[in-house]
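> Sharing my_file.json, JSON, C-alpha atoms (C1' of nucleotides):
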```json
[["chain", "number", "residue", "atom", "x", "y", "z"],
["A", 1133, "MET", "CA", 134.08, 61.61, 136.60],
["A", 1134, "PRO", "CA", 131.22, 59.48, 137.79],
["A", 1135, "GLY", "CA", 128.71, 57.84, 135.50],
["A", 1136, "ARG", "CA", 126.08, 60.40, 136.36],
["A", 1137, "ARG", "CA", 126.57, 63.41, 134.12],
["A", 1138, "GLY", "CA", 126.57, 66.96, 135.39],
["A", 1139, "GLY", "CA", 128.67, 66.87, 138.51],
["A", 1140, "ASP", "CA", 126.24, 67.39, 141.37],
["A", 1141, "PRO", "CA", 124.14, 64.60, 142.88],
["A", 1142, "GLY", "CA", 120.95, 66.18, 141.55],
["A", 1143, "PRO", "CA", 117.43, 66.09, 142.90],
["A", 1144, "CYS", "CA", 116.94, 62.51, 141.82],
["A", 1145, "ARG", "CA", 114.73, 60.38, 144.06],
["A", 1146, "LYS", "CA", 117.03, 57.50, 144.83],
["A", 1147, "ARG", "CA", 116.47, 53.77, 144.84],
["A", 1148, "ARG", "CA", 113.29, 53.46, 142.88],
["A", 1149, "ARG", "CA", 114.32, 50.40, 140.98],
["A", 1150, "ARG", "CA", 110.96, 48.91, 140.26],
["A", 1151, "GLY", "CA", 110.14, 48.60, 136.61],
["A", 1152, "THR", "CA", 112.91, 50.80, 135.29],
["A", 1153, "GLY", "CA", 113.98, 48.30, 132.66],
["A", 1154, "LEU", "CA", 110.53, 47.76, 131.24],
["A", 1155, "LEU", "CA", 110.71, 50.77, 128.95],
["A", 1156, "LEU", "CA", 114.43, 51.33, 128.67],
["A", 1157, "ARG", "CA", 115.34, 48.51, 126.34],
["A", 1158, "PRO", "CA", 112.37, 48.99, 124.00],
["A", 1159, "GLY", "CA", 113.21, 52.69, 123.94],
["A", 1160, "LEU", "CA", 116.84, 52.10, 123.05],
["A", 1161, "LEU", "CA", 115.93, 49.56, 120.42],
["A", 1162, "LEU", "CA", 113.37, 51.89, 118.86],
["A", 1163, "MET", "CA", 115.91, 54.68, 118.61],
["A", 1164, "LEU", "CA", 118.33, 52.29, 116.96],
["A", 1165, "ALA", "CA", 115.56, 51.28, 114.57],
["A", 1166, "GLU", "CA", 115.20, 54.93, 113.64],
["A", 1167, "ASP", "CA", 118.93, 55.46, 113.23],
["A", 1168, "GLY", "CA", 122.16, 53.76, 114.21],
["A", 1169, "SER", "CA", 123.86, 55.56, 117.05],
["A", 1170, "HIS", "CA", 126.25, 55.30, 119.97],
["A", 1171, "GLY", "CA", 125.57, 55.15, 123.69],
["A", 1172, "TYR", "CA", 126.38, 58.69, 124.65],
["A", 1173, "GLU", "CA", 124.05, 60.10, 122.02],
["A", 1174, "LEU", "CA", 121.29, 57.66, 122.93],
["A", 1175, "ILE", "CA", 121.42, 58.83, 126.53],
["A", 1176, "GLU", "CA", 120.62, 62.35, 125.45],
["A", 1177, "GLN", "CA", 117.90, 61.23, 123.04],
["A", 1178, "LEU", "CA", 116.15, 59.21, 125.73],
["A", 1179, "GLU", "CA", 114.75, 62.51, 126.95],
["A", 1180, "THR", "CA", 112.53, 62.53, 123.85],
["A", 1181, "LEU", "CA", 110.95, 59.33, 125.14],
["A", 1182, "GLY", "CA", 110.05, 60.76, 128.51],
["A", 1183, "PHE", "CA", 113.11, 59.66, 130.45],
["A", 1184, "ASP", "CA", 114.74, 62.07, 132.86],
["A", 1185, "PRO", "CA", 118.42, 62.25, 131.86],
["A", 1186, "GLU", "CA", 119.30, 63.47, 135.35],
["A", 1187, "CYS", "CA", 118.10, 60.18, 136.75],
["A", 1188, "LEU", "CA", 119.78, 57.95, 134.20],
["A", 1189, "ASP", "CA", 123.18, 56.58, 135.05],
["A", 1190, "SER", "CA", 125.16, 56.12, 131.86],
["A", 1191, "SER", "CA", 126.49, 52.73, 132.91],
["A", 1192, "ILE", "CA", 122.99, 51.33, 132.77],
["A", 1193, "ILE", "CA", 122.55, 52.37, 129.15],
["A", 1194, "TYR", "CA", 125.92, 50.99, 128.08],
["A", 1195, "ARG", "CA", 125.21, 47.74, 129.90],
["A", 1196, "ASN", "CA", 121.81, 47.33, 128.27],
["A", 1197, "LEU", "CA", 123.29, 47.99, 124.85],
["A", 1198, "ARG", "CA", 125.93, 45.32, 125.37],
["A", 1199, "ASP", "CA", 123.33, 42.91, 126.76],
["A", 1200, "MET", "CA", 121.15, 43.44, 123.70],
["A", 1201, "GLU", "CA", 124.15, 42.76, 121.48],
["A", 1202, "GLU", "CA", 124.83, 39.55, 123.39],
["A", 1203, "GLN", "CA", 121.19, 38.57, 122.81],
["A", 1204, "GLY", "CA", 121.68, 39.17, 119.12],
["A", 1205, "LEU", "CA", 119.28, 42.10, 118.79],
["A", 1206, "VAL", "CA", 121.85, 44.65, 117.67],
["A", 1207, "ASP", "CA", 125.31, 44.74, 116.12],
["A", 1208, "SER", "CA", 128.10, 47.15, 116.93],
["A", 1209, "HIS", "CA", 131.42, 48.36, 115.57],
["A", 1210, "TRP", "CA", 133.91, 51.05, 116.48],
["A", 1211, "ASP", "CA", 133.31, 54.27, 114.61],
["A", 1212, "GLU", "CA", 135.65, 54.61, 111.62],
["A", 1213, "GLU", "CA", 135.19, 58.32, 111.09],
["A", 1214, "ASP", "CA", 137.68, 60.70, 112.67],
["A", 1215, "THR", "CA", 135.50, 62.19, 115.33],
["A", 1216, "LYS", "CA", 136.63, 64.47, 118.10],
["A", 1217, "GLY", "CA", 137.13, 62.79, 121.42],
["A", 1218, "PRO", "CA", 137.40, 59.10, 122.27],
["A", 1219, "LYS", "CA", 136.19, 56.41, 119.92],
["A", 1220, "ARG", "CA", 132.52, 55.54, 119.78],
["A", 1221, "ARG", "CA", 130.87, 52.17, 119.63],
["A", 1222, "VAL", "CA", 128.09, 52.49, 117.07],
["A", 1223, "TYR", "CA", 125.08, 50.21, 117.41],
["A", 1224, "GLN", "CA", 122.63, 49.14, 114.73],
["A", 1225, "ILE", "CA", 119.48, 47.09, 114.96],
["A", 1226, "ASN", "CA", 119.32, 43.82, 113.00],
["A", 1227, "GLU", "CA", 116.50, 41.55, 111.83],
["A", 1228, "THR", "CA", 116.21, 39.75, 115.15],
["A", 1229, "GLY", "CA", 116.04, 43.12, 116.83],
["A", 1230, "TRP", "CA", 113.14, 44.22, 114.62],
["A", 1231, "ASP", "CA", 111.25, 41.07, 115.59],
["A", 1232, "GLN", "CA", 111.98, 41.65, 119.26],
["A", 1233, "LEU", "CA", 110.90, 45.26, 119.01],
["A", 1234, "GLY", "CA", 107.53, 44.15, 117.70],
["A", 1235, "ILE", "CA", 107.16, 41.63, 120.52],
["A", 1236, "TRP", "CA", 108.10, 44.20, 123.15],
["A", 1237, "LEU", "CA", 105.61, 46.68, 121.77],
["A", 1238, "ASP", "CA", 102.88, 44.06, 121.89],
["A", 1239, "ASN", "CA", 103.71, 43.40, 125.52],
["A", 1240, "LEU", "CA", 103.74, 47.12, 126.27],
["A", 1241, "ALA", "CA", 100.31, 47.46, 124.69],
["A", 1242, "GLN", "CA", 99.10, 44.94, 127.27],
["A", 1243, "VAL", "CA", 100.76, 46.93, 130.03],
["A", 1244, "GLN", "CA", 99.04, 50.02, 128.74],
["A", 1245, "GLN", "CA", 95.71, 48.23, 128.97],
["A", 1246, "GLN", "CA", 96.46, 47.07, 132.49],
["A", 1247, "ILE", "CA", 97.22, 50.64, 133.53],
["A", 1248, "ALA", "CA", 93.99, 51.80, 131.92],
["A", 1249, "ASP", "CA", 92.08, 49.19, 133.93],
["A", 1250, "LEU", "CA", 93.78, 50.31, 137.13],
["A", 1251, "LYS", "CA", 92.92, 53.93, 136.40],
["A", 1252, "GLU", "CA", 89.31, 53.18, 135.71],
["A", 1253, "ARG", "CA", 88.82, 51.18, 138.88],
["A", 1254, "TYR", "CA", 90.59, 53.88, 140.88],
["A", 1255, "GLN", "CA", 88.27, 56.53, 139.47],
["A", 1256, "GLN", "CA", 85.28, 54.32, 140.24],
["A", 1257, "LEU", "CA", 86.39, 54.28, 143.87],
["A", 1258, "ASN", "CA", 86.74, 58.03, 144.04],
["A", 1259, "ALA", "CA", 83.36, 58.48, 142.39],
["A", 1260, "VAL", "CA", 81.72, 56.33, 145.06],
["A", 1261, "LYS", "CA", 83.41, 58.28, 147.85],
["A", 1262, "ASP", "CA", 81.47, 61.52, 147.13],
["B", 720, "MET", "CA", 102.94, 21.84, 147.74],
["B", 721, "PRO", "CA", 104.92, 24.47, 145.87],
["B", 722, "GLY", "CA", 104.07, 28.12, 145.81],
["B", 723, "ARG", "CA", 102.86, 27.86, 142.25],
["B", 724, "ARG", "CA", 99.32, 26.60, 142.28],
["B", 725, "GLY", "CA", 98.12, 23.72, 140.12],
["B", 726, "GLY", "CA", 100.80, 21.12, 140.34],
["B", 727, "ASP", "CA", 102.42, 21.06, 136.91],
["B", 728, "PRO", "CA", 105.16, 23.47, 135.84],
["B", 729, "GLY", "CA", 102.79, 25.14, 133.38],
["B", 730, "PRO", "CA", 103.48, 26.85, 130.08],
["B", 731, "CYS", "CA", 104.92, 29.93, 131.73],
["B", 732, "ARG", "CA", 107.65, 31.68, 129.83],
["B", 733, "LYS", "CA", 110.46, 31.60, 132.32],
["B", 734, "ARG", "CA", 112.89, 34.21, 133.48],
["B", 735, "ARG", "CA", 111.26, 37.40, 132.32],
["B", 736, "ARG", "CA", 111.91, 39.40, 135.45],
["B", 737, "ARG", "CA", 112.20, 42.84, 133.95],
["B", 738, "GLY", "CA", 109.70, 45.30, 135.28],
["B", 739, "THR", "CA", 107.44, 42.68, 136.79],
["B", 740, "GLY", "CA", 106.79, 44.62, 139.94],
["B", 741, "LEU", "CA", 105.79, 47.85, 138.27],
["B", 742, "LEU", "CA", 102.10, 46.95, 138.23],
["B", 743, "LEU", "CA", 101.89, 44.35, 140.97],
["B", 744, "ARG", "CA", 102.02, 46.57, 144.01],
["B", 745, "PRO", "CA", 99.68, 49.23, 142.61],
["B", 746, "GLY", "CA", 97.32, 46.42, 141.65],
["B", 747, "LEU", "CA", 97.36, 44.87, 145.10],
["B", 748, "LEU", "CA", 96.89, 48.24, 146.76],
["B", 749, "LEU", "CA", 93.98, 49.11, 144.49],
["B", 750, "MET", "CA", 92.22, 45.85, 145.32],
["B", 751, "LEU", "CA", 92.73, 46.55, 149.00],
["B", 752, "ALA", "CA", 91.30, 50.03, 148.45],
["B", 753, "GLU", "CA", 88.22, 48.39, 146.97],
["B", 754, "ASP", "CA", 87.89, 45.88, 149.79],
["B", 755, "GLY", "CA", 90.00, 44.44, 152.59],
["B", 756, "SER", "CA", 91.19, 40.96, 151.73],
["B", 757, "HIS", "CA", 93.78, 38.28, 152.33],
["B", 758, "GLY", "CA", 96.66, 37.13, 150.15],
["B", 759, "TYR", "CA", 95.18, 33.97, 148.73],
["B", 760, "GLU", "CA", 92.07, 35.77, 147.53],
["B", 761, "LEU", "CA", 94.11, 38.64, 146.09],
["B", 762, "ILE", "CA", 96.10, 36.20, 144.01],
["B", 763, "GLU", "CA", 92.95, 35.00, 142.31],
["B", 764, "GLN", "CA", 91.60, 38.51, 141.86],
["B", 765, "LEU", "CA", 94.78, 39.65, 140.17],
["B", 766, "GLU", "CA", 93.45, 37.96, 137.06],
["B", 767, "THR", "CA", 90.87, 40.74, 136.80],
["B", 768, "LEU", "CA", 93.76, 43.17, 136.41],
["B", 769, "GLY", "CA", 95.32, 41.35, 133.50],
["B", 770, "PHE", "CA", 97.79, 39.19, 135.42],
["B", 771, "ASP", "CA", 98.23, 35.56, 134.47],
["B", 772, "PRO", "CA", 97.66, 33.54, 137.67],
["B", 773, "GLU", "CA", 99.64, 30.65, 136.19],
["B", 774, "CYS", "CA", 102.70, 32.87, 136.13],
["B", 775, "LEU", "CA", 102.28, 34.34, 139.60],
["B", 776, "ASP", "CA", 104.24, 32.76, 142.40],
["B", 777, "SER", "CA", 102.31, 33.13, 145.63],
["B", 778, "SER", "CA", 105.43, 33.92, 147.64],
["B", 779, "ILE", "CA", 105.84, 37.13, 145.69],
["B", 780, "ILE", "CA", 102.35, 38.32, 146.59],
["B", 781, "TYR", "CA", 102.74, 37.49, 150.26],
["B", 782, "ARG", "CA", 106.12, 39.15, 150.36],
["B", 783, "ASN", "CA", 104.86, 42.30, 148.66],
["B", 784, "LEU", "CA", 101.95, 42.52, 151.08],
["B", 785, "ARG", "CA", 104.24, 42.29, 154.07],
["B", 786, "ASP", "CA", 106.64, 44.80, 152.50],
["B", 787, "MET", "CA", 103.78, 47.24, 151.99],
["B", 788, "GLU", "CA", 102.80, 46.77, 155.61],
["B", 789, "GLU", "CA", 106.36, 47.48, 156.69],
["B", 790, "GLN", "CA", 106.23, 50.65, 154.58],
["B", 791, "GLY", "CA", 103.07, 51.65, 156.41],
["B", 792, "LEU", "CA", 100.73, 51.51, 153.42],
["B", 793, "VAL", "CA", 98.46, 48.76, 154.77],
["B", 794, "ASP", "CA", 97.52, 47.21, 158.10],
["B", 795, "SER", "CA", 96.85, 43.56, 158.78],
["B", 796, "HIS", "CA", 95.32, 41.32, 161.40],
["B", 797, "TRP", "CA", 94.47, 37.63, 161.70],
["B", 798, "ASP", "CA", 90.93, 36.85, 160.65],
["B", 799, "GLU", "CA", 88.65, 36.51, 163.69],
["B", 800, "GLU", "CA", 85.79, 34.76, 161.93],
["B", 801, "ASP", "CA", 85.66, 30.98, 162.04],
["B", 802, "THR", "CA", 86.54, 30.22, 158.47],
["B", 803, "LYS", "CA", 87.27, 26.81, 157.08],
["B", 804, "GLY", "CA", 90.90, 26.00, 156.66],
["B", 805, "PRO", "CA", 93.95, 27.76, 158.09],
["B", 806, "LYS", "CA", 93.82, 31.29, 159.44],
["B", 807, "ARG", "CA", 93.99, 34.21, 157.09],
["B", 808, "ARG", "CA", 95.92, 37.44, 157.41],
["B", 809, "VAL", "CA", 93.53, 40.16, 156.32],
["B", 810, "TYR", "CA", 94.99, 43.35, 154.89],
["B", 811, "GLN", "CA", 93.41, 46.80, 154.73],
["B", 812, "ILE", "CA", 94.64, 49.99, 153.13],
["B", 813, "ASN", "CA", 95.22, 52.99, 155.37],
["B", 814, "GLU", "CA", 95.53, 56.74, 154.76],
["B", 815, "THR", "CA", 99.20, 56.55, 153.81],
["B", 816, "GLY", "CA", 98.28, 53.80, 151.39],
["B", 817, "TRP", "CA", 95.65, 55.95, 149.72],
["B", 818, "ASP", "CA", 98.23, 58.69, 149.21],
["B", 819, "GLN", "CA", 100.72, 56.21, 147.81],
["B", 820, "LEU", "CA", 98.12, 54.75, 145.49],
["B", 821, "GLY", "CA", 97.52, 58.19, 144.02],
["B", 822, "ILE", "CA", 101.24, 58.73, 143.53],
["B", 823, "TRP", "CA", 101.68, 55.35, 141.88],
["B", 824, "LEU", "CA", 98.79, 56.00, 139.52],
["B", 825, "ASP", "CA", 100.30, 59.34, 138.55],
["B", 826, "ASN", "CA", 103.55, 57.60, 137.75],
["B", 827, "LEU", "CA", 101.73, 54.93, 135.78],
["B", 828, "ALA", "CA", 99.97, 57.60, 133.76],
["B", 829, "GLN", "CA", 103.41, 58.82, 132.74],
["B", 830, "VAL", "CA", 104.41, 55.29, 131.81],
["B", 831, "GLN", "CA", 101.27, 55.04, 129.73],
["B", 832, "GLN", "CA", 102.24, 58.20, 127.89],
["B", 833, "GLN", "CA", 105.75, 56.87, 127.31],
["B", 834, "ILE", "CA", 104.33, 53.70, 125.80],
["B", 835, "ALA", "CA", 102.04, 55.76, 123.59],
["B", 836, "ASP", "CA", 105.06, 57.73, 122.36],
["B", 837, "LEU", "CA", 106.95, 54.53, 121.63],
["B", 838, "LYS", "CA", 104.00, 53.13, 119.70],
["B", 839, "GLU", "CA", 103.61, 56.25, 117.63],
["B", 840, "ARG", "CA", 107.26, 56.40, 116.67],
["B", 841, "TYR", "CA", 107.21, 52.69, 115.86],
["B", 842, "GLN", "CA", 104.23, 53.15, 113.55],
["B", 843, "GLN", "CA", 105.95, 56.09, 111.91],
["B", 844, "LEU", "CA", 108.87, 53.81, 111.08],
["B", 845, "ASN", "CA", 106.62, 51.16, 109.58],
["B", 846, "ALA", "CA", 104.75, 53.79, 107.57],
["B", 847, "VAL", "CA", 108.02, 54.97, 106.04],
["B", 848, "LYS", "CA", 109.07, 51.44, 105.16],
["B", 849, "ASP", "CA", 106.29, 50.94, 102.57],
["C", 1466, "DC", "C1'", 150.15, 71.01, 133.03],
["C", 1467, "DC", "C1'", 145.51, 70.91, 134.55],
["C", 1468, "DA", "C1'", 140.68, 71.02, 134.19],
["C", 1469, "DT", "C1'", 136.81, 69.77, 131.45],
["C", 1470, "DC", "C1'", 133.98, 67.45, 128.11],
["C", 1471, "DT", "C1'", 133.19, 63.33, 125.50],
["C", 1472, "DA", "C1'", 132.77, 58.23, 125.63],
["C", 1473, "DT", "C1'", 133.01, 53.55, 127.34],
["C", 1474, "DT", "C1'", 133.84, 49.90, 130.69],
["C", 1475, "DG", "C1'", 134.20, 47.23, 134.98],
["C", 1476, "DA", "C1'", 133.66, 46.12, 139.96],
["C", 1477, "DC", "C1'", 130.78, 45.80, 143.73],
["C", 1478, "DA", "C1'", 126.68, 46.27, 146.58],
["C", 1479, "DA", "C1'", 121.80, 46.34, 147.03],
["C", 1480, "DA", "C1'", 117.27, 45.10, 145.65],
["C", 1481, "DA", "C1'", 113.83, 42.24, 143.27],
["C", 1482, "DT", "C1'", 112.45, 37.87, 141.61],
["C", 1483, "DG", "C1'", 111.88, 32.68, 141.01],
["C", 1484, "DC", "C1'", 111.78, 28.40, 142.95],
["C", 1485, "DA", "C1'", 111.60, 25.02, 146.35],
["C", 1486, "DT", "C1'", 110.15, 23.83, 150.62],
["C", 1487, "DA", "C1'", 108.05, 24.01, 155.44],
["C", 1488, "DT", "C1'", 103.96, 24.40, 158.18],
["C", 1489, "DA", "C1'", 99.10, 23.65, 159.15],
["C", 1490, "DG", "C1'", 93.95, 23.38, 159.47],
["C", 1491, "DA", "C1'", 89.90, 21.21, 157.20],
["C", 1492, "DG", "C1'", 87.39, 17.89, 154.28],
["C", 1493, "DG", "C1'", 86.81, 13.68, 151.73],
["C", 1494, "DA", "C1'", 88.04, 8.96, 150.21],
["C", 1495, "DA", "C1'", 89.72, 4.35, 151.14],
["D", 1126, "DT", "C1'", 92.85, 5.92, 160.98],
["D", 1127, "DT", "C1'", 95.71, 7.16, 157.15],
["D", 1128, "DC", "C1'", 96.32, 9.42, 152.98],
["D", 1129, "DC", "C1'", 95.45, 12.92, 149.75],
["D", 1130, "DT", "C1'", 93.92, 17.39, 148.34],
["D", 1131, "DC", "C1'", 92.68, 22.18, 148.93],
["D", 1132, "DT", "C1'", 93.30, 26.38, 151.35],
["D", 1133, "DA", "C1'", 96.65, 29.68, 153.39],
["D", 1134, "DT", "C1'", 100.98, 31.74, 154.82],
["D", 1135, "DA", "C1'", 105.97, 32.00, 155.44],
["D", 1136, "DT", "C1'", 111.05, 31.32, 154.77],
["D", 1137, "DG", "C1'", 115.58, 30.27, 152.66],
["D", 1138, "DC", "C1'", 118.55, 30.43, 148.82],
["D", 1139, "DA", "C1'", 120.23, 31.32, 144.23],
["D", 1140, "DT", "C1'", 119.85, 34.13, 140.27],
["D", 1141, "DT", "C1'", 118.86, 38.31, 137.89],
["D", 1142, "DT", "C1'", 118.47, 43.15, 137.66],
["D", 1143, "DT", "C1'", 119.57, 47.67, 139.15],
["D", 1144, "DG", "C1'", 122.28, 51.50, 141.22],
["D", 1145, "DT", "C1'", 126.58, 53.59, 142.48],
["D", 1146, "DC", "C1'", 131.25, 54.53, 141.98],
["D", 1147, "DA", "C1'", 135.64, 54.44, 140.06],
["D", 1148, "DA", "C1'", 138.94, 53.66, 136.12],
["D", 1149, "DT", "C1'", 140.42, 54.62, 131.51],
["D", 1150, "DA", "C1'", 141.24, 57.63, 127.57],
["D", 1151, "DG", "C1'", 141.22, 60.96, 123.62],
["D", 1152, "DA", "C1'", 140.50, 65.91, 122.60],
["D", 1153, "DT", "C1'", 140.25, 70.88, 123.75],
["D", 1154, "DG", "C1'", 141.10, 75.19, 126.04],
["D", 1155, "DG", "C1'", 143.31, 78.05, 129.55]]
```
Turn this file's structure into structure tokens for me.

Amino acid sequence: MPGRRGGDPGPCRKRRRRGTGLLLRPGLLLMLAEDGSHGYELIEQLETLGFDPECLDSSIIYRNLRDMEEQGLVDSHWDEEDTKGPKRRVYQINETGWDQLGIWLDNLAQVQQQIADLKERYQQLNAVKD
Amino acid sequence: MPGRRGGDPGPCRKRRRRGTGLLLRPGLLLMLAEDGSHGYELIEQLETLGFDPECLDSSIIYRNLRDMEEQGLVDSHWDEEDTKGPKRRVYQINETGWDQLGIWLDNLAQVQQQIADLKERYQQLNAVKD
DNA sequence: CCATCTATTGACAAAATGCATATAGAGGAA
DNA sequence: TTCCTCTATATGCATTTTGTCAATAGATGG
């Protein structure tokens, strides 16, 4: 079974790599700030943050989670409870992660402003064209 | 003379590559929609779109301009006017570029919404923590 | 047994980025 | 003249990031 869930290739525009990771890691970290969780569940919850689950390869999420652990933003342990199916690696945000989340959100606020500036100048252009 | 302008290494936080190109190409294309221009001038104007010129390597701008030309979004020609200094490659947006600019701005509007969602959920968390 | 769903990991290729460097015309200072 | 600086563009290489695919593995149902 490939990383992509579902089975069929899906109508996913391929190879648009630019800027994917800008929102993904803040999104994951925010969800972990709300509640500790494991990768498979996080993938499904990413839909609530405007990500298209059809276009998300699971390996990318797992890799980002492990990278964030290596950076010391989150901690993980194997799930102790007797769940159905294979074992789960449960992630939790830590103090460093909270700090980083604040920093990332500050940066994203700047990005939001940049986009607003772009939009305004674009609309100015279209207004002139009439 | 290195690509980075100025001379000294500068206080640029290094190695933050994630998502850098999300805004750069739309920004360049918008400026070309406003007025045809050449790379060196665009680099300076990027400051008006919230980019830090100290942290912009010129090679990235030139490369992105040529990539956009290869994609058929812009056209270029060598400047005919007798300017001081070396010749300039002047870029201009074309019809395909206008279409692409609209598409990119639609995508960025979605990104803006995603950031707004992140912010709101983050503030919810901090409200609960009191 | 076999297919399917859940869940995680690793290998490999492709794309984007950062940095250093090459090239070159023009202007000013020594 | 020679040297230095500013303007202007391009290229090569290494690193980082992203996308795709395959491997592994427990549980469940037919």
> Record the distance separating CA of Arg1157 in chain A and CA of Glu766 in chain B, expressed in Å with one decimal.
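Interatomic distance here is 26.6 Å.
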> Within 12 Å of DG1155 in chain D, counting only C-alpha atoms (C1' of nucleotides), which residues qualify if same-chain residues fewer than 3 places away don't, as a list in words?
DC1466, DC1467, DA1468 and DT1469 of chain C
> Output C-alpha atoms (C1' of nucleotides) for every residue in the selection just made, as a PDB file, keeping the file's coordinate frame.

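And here is the file that came out, again06.pdb:
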```
ATOM      1  C1'  DC C1466     150.150  71.010 133.030  1.00  0.00           C
ATOM      2  C1'  DC C1467     145.510  70.910 134.550  1.00  0.00           C
ATOM      3  C1'  DA C1468     140.680  71.020 134.190  1.00  0.00           C
ATOM      4  C1'  DT C1469     136.810  69.770 131.450  1.00  0.00           C
TER       5       DT C1469
END
```
> Take every atom of range 1213-1222 of chain A listed in the file, fit an axis-aligned box around them, add 8 Å per side, and give the centre and edge lengths in Å to one decimal as lines of an AutoDock Vina configuration file.

```
center_x = 132.9
center_y = 58.3
center_z = 116.7
size_x = 25.6
size_y = 28.3
size_z = 27.2
```
> Find the residues around DA1135 in chain D up to 10 Å (all atoms listed in the file counted), leave out those fewer than 6 positions away in its own chain, and share them as a ChimeraX atom specification.
/B:778,781-782 /C:1487-1488
> What's the separation between CA of Met1200 in chain A and CA of Ile834 in chain B, in Å to one decimal place?
19.8 Å
> From the list A:Leu1160, A:Leu1178, A:Leu1257, A:Val1222, which residue is nearest chain C when using all atoms listed in the file?
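For chain C, the nearest of the candidates is A:Val1222.
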> Report as a Markdown table the residues of chain A within 6 Å of chain B, each with its shortest atom pair and distance in Å (one decimal), using all atoms listed in the file, ordered by chain and increasing residue number.

```
| residue | atom | partner | partner_atom | distance |
| --- | --- | --- | --- | --- |
| A:Arg1150 | CA | B:Leu741 | CA | 5.6 |
| A:Gly1151 | CA | B:Gly738 | CA | 3.6 |
| A:Gly1153 | CA | B:Gly738 | CA | 5.8 |
| A:Leu1154 | CA | B:Gly738 | CA | 4.8 |
| A:Gly1182 | CA | B:Gln833 | CA | 5.9 |
| A:Gln1244 | CA | B:Gln831 | CA | 5.6 |
| A:Gln1246 | CA | B:Gly769 | CA | 5.9 |
```
> Store the residues picked out above, limited to C-alpha atoms, as a CSV table (one decimal), in the frame of the given file.

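Dumped everything to selection-v2.csv:
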```csv
chain,number,residue,atom,x,y,z
A,1150,ARG,CA,111.0,48.9,140.3
A,1151,GLY,CA,110.1,48.6,136.6
A,1153,GLY,CA,114.0,48.3,132.7
A,1154,LEU,CA,110.5,47.8,131.2
A,1182,GLY,CA,110.0,60.8,128.5
A,1244,GLN,CA,99.0,50.0,128.7
A,1246,GLN,CA,96.5,47.1,132.5
```
> With all atoms listed in the file counted and 10 Å as the cut-off, give the residues of chain C in contact with chain A, each with its shortest interatomic distance in Å and the pair that gives it, as a tab-separated table.

```
residue	atom	partner	partner_atom	distance
C:DC1470	C1'	A:Gly1217	CA	8.7
C:DT1471	C1'	A:Gly1217	CA	5.7
C:DA1472	C1'	A:Pro1218	CA	5.8
C:DT1473	C1'	A:Tyr1194	CA	7.6
C:DT1474	C1'	A:Ser1191	CA	8.2
C:DG1475	C1'	A:Ser1191	CA	9.7
C:DA1479	C1'	A:Arg1147	CA	9.4
C:DA1480	C1'	A:Arg1149	CA	7.7
C:DA1481	C1'	A:Arg1150	CA	7.9
```
> Kindly provide, as a list in words, the polymer residues lying within 6 Å of (120.9, 50.5, 112.7), counting only C-alpha atoms (C1' of nucleotides) and using the coordinates exactly as they appear in the file.
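Residues close enough to count: Leu1164, Ala1165, Asp1167, Gly1168, Gln1224 and Ile1225 of chain A.
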> Would you mind putting back N, CA and C atoms on range 790-800 of chain B, then writing it out as a PDB file, in the frame of the given file?

```pdb
ATOM      1  N   GLN B 790     106.149  49.266 155.051  1.00  0.00           N
ATOM      2  CA  GLN B 790     106.230  50.650 154.580  1.00  0.00           C
ATOM      3  C   GLN B 790     105.089  51.504 155.114  1.00  0.00           C
ATOM      4  N   GLY B 791     104.162  50.884 155.810  1.00  0.00           N
ATOM      5  CA  GLY B 791     103.070  51.650 156.410  1.00  0.00           C
ATOM      6  C   GLY B 791     101.927  51.963 155.466  1.00  0.00           C
ATOM      7  N   LEU B 792     101.811  51.233 154.375  1.00  0.00           N
ATOM      8  CA  LEU B 792     100.730  51.510 153.420  1.00  0.00           C
ATOM      9  C   LEU B 792      99.462  50.733 153.743  1.00  0.00           C
ATOM     10  N   VAL B 793      99.618  49.591 154.416  1.00  0.00           N
ATOM     11  CA  VAL B 793      98.460  48.760 154.770  1.00  0.00           C
ATOM     12  C   VAL B 793      98.617  48.265 156.201  1.00  0.00           C
ATOM     13  N   ASP B 794      97.498  47.855 156.789  1.00  0.00           N
ATOM     14  CA  ASP B 794      97.520  47.210 158.100  1.00  0.00           C
ATOM     15  C   ASP B 794      96.977  45.796 157.941  1.00  0.00           C
ATOM     16  N   SER B 795      97.338  44.932 158.877  1.00  0.00           N
ATOM     17  CA  SER B 795      96.850  43.560 158.780  1.00  0.00           C
ATOM     18  C   SER B 795      96.509  43.016 160.157  1.00  0.00           C
ATOM     19  N   HIS B 796      95.630  42.033 160.162  1.00  0.00           N
ATOM     20  CA  HIS B 796      95.320  41.320 161.400  1.00  0.00           C
ATOM     21  C   HIS B 796      94.851  39.924 161.026  1.00  0.00           C
ATOM     22  N   TRP B 797      94.951  38.982 161.963  1.00  0.00           N
ATOM     23  CA  TRP B 797      94.470  37.630 161.700  1.00  0.00           C
ATOM     24  C   TRP B 797      92.957  37.622 161.735  1.00  0.00           C
ATOM     25  N   ASP B 798      92.391  36.894 160.787  1.00  0.00           N
ATOM     26  CA  ASP B 798      90.930  36.850 160.650  1.00  0.00           C
ATOM     27  C   ASP B 798      90.301  36.261 161.899  1.00  0.00           C
ATOM     28  N   GLU B 799      89.318  36.982 162.466  1.00  0.00           N
ATOM     29  CA  GLU B 799      88.650  36.510 163.690  1.00  0.00           C
ATOM     30  C   GLU B 799      87.567  35.483 163.394  1.00  0.00           C
ATOM     31  N   GLU B 800      86.911  35.637 162.239  1.00  0.00           N
ATOM     32  CA  GLU B 800      85.790  34.760 161.930  1.00  0.00           C
ATOM     33  C   GLU B 800      86.240  33.304 161.798  1.00  0.00           C
TER      34      GLU B 800
END
```
